[in-house]
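Participant: Shown below is the structure under consideration.
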Amino acid sequence: MTAGPDRTPIDTSRPHPARVYDYLLGGKDHYPVDQELGEQMPELAKAGVAQNRAFMQRAAGWAARAGIDQFLDIGTGIPTRPNLHQVVQEVNPAARIVYTDNDPIVLRHAEALLVSSPEGVTEYLDADVREPEKILAHARTVLDFDRPVALSLIALMHFLADEEDPYGITRTLVDALPAGSCLVLSHFTQDFITTDQEALDRYRSSGITLRPRDRAEVARFFDGLDLVDPGLVTAPQWHHGTPAPEGREIIDTFHVGVGRVR
């Protein structure tokens, strides 16, 4: 174990989803235990997470162009440019962003790299998505919940088992948002791929929960919301108002969507 300035321990004996994700994206902010697990993942995992990241950037840019200037990003992950605030503040420099994650190494990098434009705000909260009320209480000190907020749950909810009530957690967060807000969500699926079961078993045996969900199960996260065109699709298919992704193999490993709060 190592400890940061805030004395929060970093467990280097077990892999962490954010650090494995960093490895799969080609980053350098992970430990040998994370790299070891990432190396055991099939090649499609790397392409899949890259296309998921590109979806986040397109969806965040769409939300900013649609007039939303407040963002609550839960499950931030280790910063990989361009980050959400860079995408949206390019559209509106005064945008305000609250990032949330539960890994101390993410906190360190967030404090160093997630720097707002002078007109806007970026703030980081060390919290777990399983604590939605805590997240909302802090977010309300930075964001105005009387105006639309974009809630971002990117590649996060598949790390929650059914018994942890991922739908109830999402509903608690969405119910706090005013009309005109939106939910931006991506979720790992096995609908389109024959995944190496041995690789999935290794991932789970590392202590990380992984619960792929099919299209109908992912659609439940958007209950009561109005899906923005093109609806619930795979990551490369979501390019509302932007050109379709080009120049790479399409890997369908995530269901994604954006839902508007009525």
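Identifiers in the structure tokens: chain A, B, ... in order shown; residue index from 1 per chain; ligand index from 1 in order shown.
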Considering only C-alpha atoms, return as a count of residues only whatever protein or nucleic-acid residues lie within 6 Å of Asp126 in chain A, sequence-local ones (same chain, fewer than 4 positions apart) excluded.
Facilitator: 3
Participant: Identify, on the basis of only C-alpha atoms, every residue whose closest approach to Gln86 in chain A does not exceed 10 Å; exclude the query and any residue fewer than 5 positions from it along the same chain; express the result as a list in words.
Facilitator: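 Counting only the stated atoms, we get Gln57, Ala60, Gly61, Arg81, Val91, Asn92, Pro93, Ala95, Leu114, Val115, Ser116 and Ser117 of chain A.
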Participant: Apply DSSP to the backbone of this structure and, from range 29-259 of chain A, keep only the residues in strand (DSSP E or B); write these as a ChimeraX atom specification.
Facilitator: /A:70-74,96-101,121-126,150-154,182-188,226-227,233-234,254-259
Participant: For the residues selected in the previous step, produce a file with N, CA and C atoms as an mmCIF file, in the first residue's frame.
Facilitator:
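Just written: out29.cif:
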data_model
loop_
_atom_site.group_PDB
_atom_site.id
_atom_site.type_symbol
_atom_site.label_atom_id
_atom_site.label_comp_id
_atom_site.auth_asym_id
_atom_site.auth_seq_id
_atom_site.Cartn_x
_atom_site.Cartn_y
_atom_site.Cartn_z
ATOM 1 N N GLN A 70 -23.742 22.318 -17.319
ATOM 2 C CA GLN A 70 -23.402 21.723 -16.027
ATOM 3 C C GLN A 70 -23.332 20.208 -16.202
ATOM 4 N N PHE A 71 -22.269 19.600 -15.669
ATOM 5 C CA PHE A 71 -22.033 18.178 -15.898
ATOM 6 C C PHE A 71 -21.623 17.505 -14.593
ATOM 7 N N LEU A 72 -22.230 16.349 -14.311
ATOM 8 C CA LEU A 72 -21.875 15.511 -13.175
ATOM 9 C C LEU A 72 -21.397 14.182 -13.739
ATOM 10 N N ASP A 73 -20.097 13.944 -13.678
ATOM 11 C CA ASP A 73 -19.466 12.776 -14.287
ATOM 12 C C ASP A 73 -19.036 11.819 -13.190
ATOM 13 N N ILE A 74 -19.725 10.679 -13.075
ATOM 14 C CA ILE A 74 -19.456 9.699 -12.026
ATOM 15 C C ILE A 74 -18.716 8.512 -12.647
ATOM 16 N N ARG A 96 -19.544 24.132 -15.991
ATOM 17 C CA ARG A 96 -19.144 23.678 -14.657
ATOM 18 C C ARG A 96 -19.234 22.156 -14.611
ATOM 19 N N ILE A 97 -18.193 21.520 -14.083
ATOM 20 C CA ILE A 97 -18.109 20.063 -14.093
ATOM 21 C C ILE A 97 -17.738 19.559 -12.709
ATOM 22 N N VAL A 98 -18.459 18.559 -12.222
ATOM 23 C CA VAL A 98 -18.095 17.834 -11.008
ATOM 24 C C VAL A 98 -17.728 16.417 -11.420
ATOM 25 N N TYR A 99 -16.478 16.053 -11.182
ATOM 26 C CA TYR A 99 -15.991 14.706 -11.436
ATOM 27 C C TYR A 99 -16.054 13.891 -10.136
ATOM 28 N N THR A 100 -16.407 12.602 -10.268
ATOM 29 C CA THR A 100 -16.496 11.733 -9.097
ATOM 30 C C THR A 100 -15.864 10.381 -9.401
ATOM 31 N N ASP A 101 -15.010 9.921 -8.508
ATOM 32 C CA ASP A 101 -14.448 8.564 -8.609
ATOM 33 C C ASP A 101 -14.035 8.126 -7.213
ATOM 34 N N VAL A 121 -15.666 25.945 -14.077
ATOM 35 C CA VAL A 121 -15.300 25.271 -12.825
ATOM 36 C C VAL A 121 -15.127 23.785 -13.106
ATOM 37 N N THR A 122 -14.082 23.193 -12.542
ATOM 38 C CA THR A 122 -14.021 21.741 -12.417
ATOM 39 C C THR A 122 -13.714 21.417 -10.963
ATOM 40 N N GLU A 123 -14.431 20.446 -10.443
ATOM 41 C CA GLU A 123 -14.217 20.031 -9.061
ATOM 42 C C GLU A 123 -14.275 18.524 -9.002
ATOM 43 N N TYR A 124 -13.520 17.944 -8.071
ATOM 44 C CA TYR A 124 -13.430 16.497 -7.941
ATOM 45 C C TYR A 124 -13.960 16.061 -6.581
ATOM 46 N N LEU A 125 -14.782 14.992 -6.573
ATOM 47 C CA LEU A 125 -15.314 14.415 -5.348
ATOM 48 C C LEU A 125 -14.871 12.965 -5.248
ATOM 49 N N ASP A 126 -14.283 12.608 -4.117
ATOM 50 C CA ASP A 126 -13.891 11.229 -3.848
ATOM 51 C C ASP A 126 -15.095 10.511 -3.246
ATOM 52 N N ALA A 150 -26.172 17.519 -17.097
ATOM 53 C CA ALA A 150 -25.891 16.262 -17.796
ATOM 54 C C ALA A 150 -25.205 15.312 -16.819
ATOM 55 N N LEU A 151 -25.834 14.170 -16.571
ATOM 56 C CA LEU A 151 -25.296 13.137 -15.702
ATOM 57 C C LEU A 151 -24.601 12.096 -16.575
ATOM 58 N N SER A 152 -23.330 11.859 -16.336
ATOM 59 C CA SER A 152 -22.533 10.949 -17.151
ATOM 60 C C SER A 152 -22.181 9.702 -16.352
ATOM 61 N N LEU A 153 -22.643 8.536 -16.831
ATOM 62 C CA LEU A 153 -22.311 7.241 -16.233
ATOM 63 C C LEU A 153 -21.691 6.393 -17.337
ATOM 64 N N ILE A 154 -20.417 6.617 -17.594
ATOM 65 C CA ILE A 154 -19.736 5.990 -18.716
ATOM 66 C C ILE A 154 -18.978 4.752 -18.251
ATOM 67 N N CYS A 182 -30.058 15.524 -18.858
ATOM 68 C CA CYS A 182 -29.925 14.285 -19.605
ATOM 69 C C CYS A 182 -29.026 13.296 -18.886
ATOM 70 N N LEU A 183 -29.260 12.024 -19.181
ATOM 71 C CA LEU A 183 -28.421 10.928 -18.715
ATOM 72 C C LEU A 183 -27.618 10.425 -19.912
ATOM 73 N N VAL A 184 -26.291 10.422 -19.779
ATOM 74 C CA VAL A 184 -25.392 9.868 -20.794
ATOM 75 C C VAL A 184 -24.810 8.585 -20.207
ATOM 76 N N LEU A 185 -25.094 7.450 -20.831
ATOM 77 C CA LEU A 185 -24.721 6.170 -20.229
ATOM 78 C C LEU A 185 -24.172 5.215 -21.282
ATOM 79 N N SER A 186 -23.122 4.494 -20.910
ATOM 80 C CA SER A 186 -22.643 3.376 -21.722
ATOM 81 C C SER A 186 -22.466 2.175 -20.816
ATOM 82 N N HIS A 187 -22.655 0.971 -21.377
ATOM 83 C CA HIS A 187 -22.679 -0.239 -20.560
ATOM 84 C C HIS A 187 -22.148 -1.406 -21.378
ATOM 85 N N PHE A 188 -21.232 -2.167 -20.787
ATOM 86 C CA PHE A 188 -20.662 -3.329 -21.449
ATOM 87 C C PHE A 188 -21.734 -4.384 -21.732
ATOM 88 N N ASP A 226 -36.665 10.379 -22.380
ATOM 89 C CA ASP A 226 -36.846 10.419 -23.832
ATOM 90 C C ASP A 226 -35.488 10.239 -24.490
ATOM 91 N N LEU A 227 -35.291 9.107 -25.169
ATOM 92 C CA LEU A 227 -34.014 8.840 -25.807
ATOM 93 C C LEU A 227 -33.780 9.789 -26.975
ATOM 94 N N VAL A 233 -28.070 2.401 -28.911
ATOM 95 C CA VAL A 233 -27.295 1.778 -29.987
ATOM 96 C C VAL A 233 -25.926 1.373 -29.440
ATOM 97 N N THR A 234 -25.054 0.875 -30.313
ATOM 98 C CA THR A 234 -23.696 0.595 -29.882
ATOM 99 C C THR A 234 -22.856 1.858 -30.000
ATOM 100 N N PHE A 254 -20.350 -2.142 -26.321
ATOM 101 C CA PHE A 254 -21.085 -1.283 -25.392
ATOM 102 C C PHE A 254 -22.424 -0.878 -26.000
ATOM 103 N N HIS A 255 -23.484 -0.966 -25.186
ATOM 104 C CA HIS A 255 -24.728 -0.274 -25.504
ATOM 105 C C HIS A 255 -24.603 1.138 -24.939
ATOM 106 N N VAL A 256 -25.029 2.140 -25.704
ATOM 107 C CA VAL A 256 -24.911 3.525 -25.263
ATOM 108 C C VAL A 256 -26.192 4.267 -25.605
ATOM 109 N N GLY A 257 -26.412 5.356 -24.873
ATOM 110 C CA GLY A 257 -27.555 6.207 -25.179
ATOM 111 C C GLY A 257 -27.508 7.498 -24.385
ATOM 112 N N VAL A 258 -28.341 8.421 -24.799
ATOM 113 C CA VAL A 258 -28.544 9.683 -24.104
ATOM 114 C C VAL A 258 -30.049 9.855 -23.924
ATOM 115 N N GLY A 259 -30.479 10.038 -22.688
ATOM 116 C CA GLY A 259 -31.899 10.214 -22.398
ATOM 117 C C GLY A 259 -32.177 11.561 -21.792
#
Participant: Determine which residues of range 93-151 of chain A receive a DSSP assignment of helix (DSSP H, G or I), computed from the backbone, and state them as a list in words.
Facilitator: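 After running DSSP on the backbone, range 93-151 of chain A has helix (DSSP H, G or I) at Pro104, Ile105, Val106, Leu107, Arg108, His109, Ala110, Glu111, Ala112, Leu113, Pro132, Glu133, Lys134, Ile135, Leu136, Ala137, His138 and Ala139 of chain A.
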Participant: Export, as a PDB file, in the first residue's frame, the selected residues with C-alpha atoms.
Facilitator:
ATOM      1  CA  PRO A 104      -7.031   7.720  -4.834  1.00  0.00           C
ATOM      2  CA  ILE A 105      -4.798   7.595  -7.912  1.00  0.00           C
ATOM      3  CA  VAL A 106      -7.648   9.091  -9.946  1.00  0.00           C
ATOM      4  CA  LEU A 107      -7.958  11.838  -7.326  1.00  0.00           C
ATOM      5  CA  ARG A 108      -4.267  12.720  -7.627  1.00  0.00           C
ATOM      6  CA  HIS A 109      -4.406  12.946 -11.400  1.00  0.00           C
ATOM      7  CA  ALA A 110      -7.718  14.772 -11.354  1.00  0.00           C
ATOM      8  CA  GLU A 111      -6.368  17.449  -9.050  1.00  0.00           C
ATOM      9  CA  ALA A 112      -3.333  17.900 -11.297  1.00  0.00           C
ATOM     10  CA  LEU A 113      -4.913  17.649 -14.736  1.00  0.00           C
ATOM     11  CA  PRO A 132     -25.737   8.641  -4.664  1.00  0.00           C
ATOM     12  CA  GLU A 133     -27.061  10.910  -1.916  1.00  0.00           C
ATOM     13  CA  LYS A 134     -23.515  11.885  -0.882  1.00  0.00           C
ATOM     14  CA  ILE A 135     -22.648  12.634  -4.503  1.00  0.00           C
ATOM     15  CA  LEU A 136     -25.773  14.735  -4.999  1.00  0.00           C
ATOM     16  CA  ALA A 137     -25.225  16.669  -1.758  1.00  0.00           C
ATOM     17  CA  HIS A 138     -21.751  17.691  -2.875  1.00  0.00           C
ATOM     18  CA  ALA A 139     -22.762  18.348  -6.479  1.00  0.00           C
TER      19      ALA A 139
END
Participant: Nearest to Met41 in chain A among A:Val20, A:Ala161, A:Ala63, A:Val87, with distances taken over only C-alpha atoms: which residue is it?
Facilitator: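 Smallest separation from Met41 in chain A among the options: A:Val20.
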Participant: Please measure the separation of CA of Ala64 in chain A and CA of Phe222 in chain A, giving the value in Å to one decimal.
Facilitator: 20.1 Å
Participant: Which of these residues is nearest to Leu177 in chain A, using only C-alpha atoms: A:Ala155, A:Leu160, A:Leu225, A:Leu37?
Facilitator: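 Residue with the minimum atom-to-atom distance to Leu177 in chain A: A:Leu225.
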Participant: Between CA of Pro230 in chain A and CA of Pro243 in chain A, what is the spacing in Å?
Facilitator: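 The value is 13.1 Å.
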Participant: One decimal, Å: what's the distance from CA of Arg140 in chain A over to CA of Pro178 in chain A, could you say?
Facilitator: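 These two atoms are separated by 12.4 Å.
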Participant: Can you tell me which residues surround His30 in chain A at a distance of at most 8 Å, considering only C-alpha atoms, apart from same-chain residues fewer than 5 positions away, and format the answer as a VMD selection string?
Facilitator: chain A and resid 19 to 20 22 to 23 35
Participant: Counting only C-alpha atoms, which residue out of A:Ala216, A:Met56, A:Val174, A:Leu210 sits closest to Pro236 in chain A?
Facilitator: A:Met56
Participant: Which one of A:Leu173, A:Pro245, A:Val218, A:Met157 sits closest to Leu232 in chain A if you count only C-alpha atoms?
Facilitator: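 Closest candidate: A:Val218.
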Participant: Of the candidates A:Arg213, A:Pro15, A:Thr253, A:Phe159, which shows the shortest atom-to-atom distance to Glu43 in chain A, using only C-alpha atoms?
Facilitator: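 The closest residue to Glu43 in chain A is A:Thr253.
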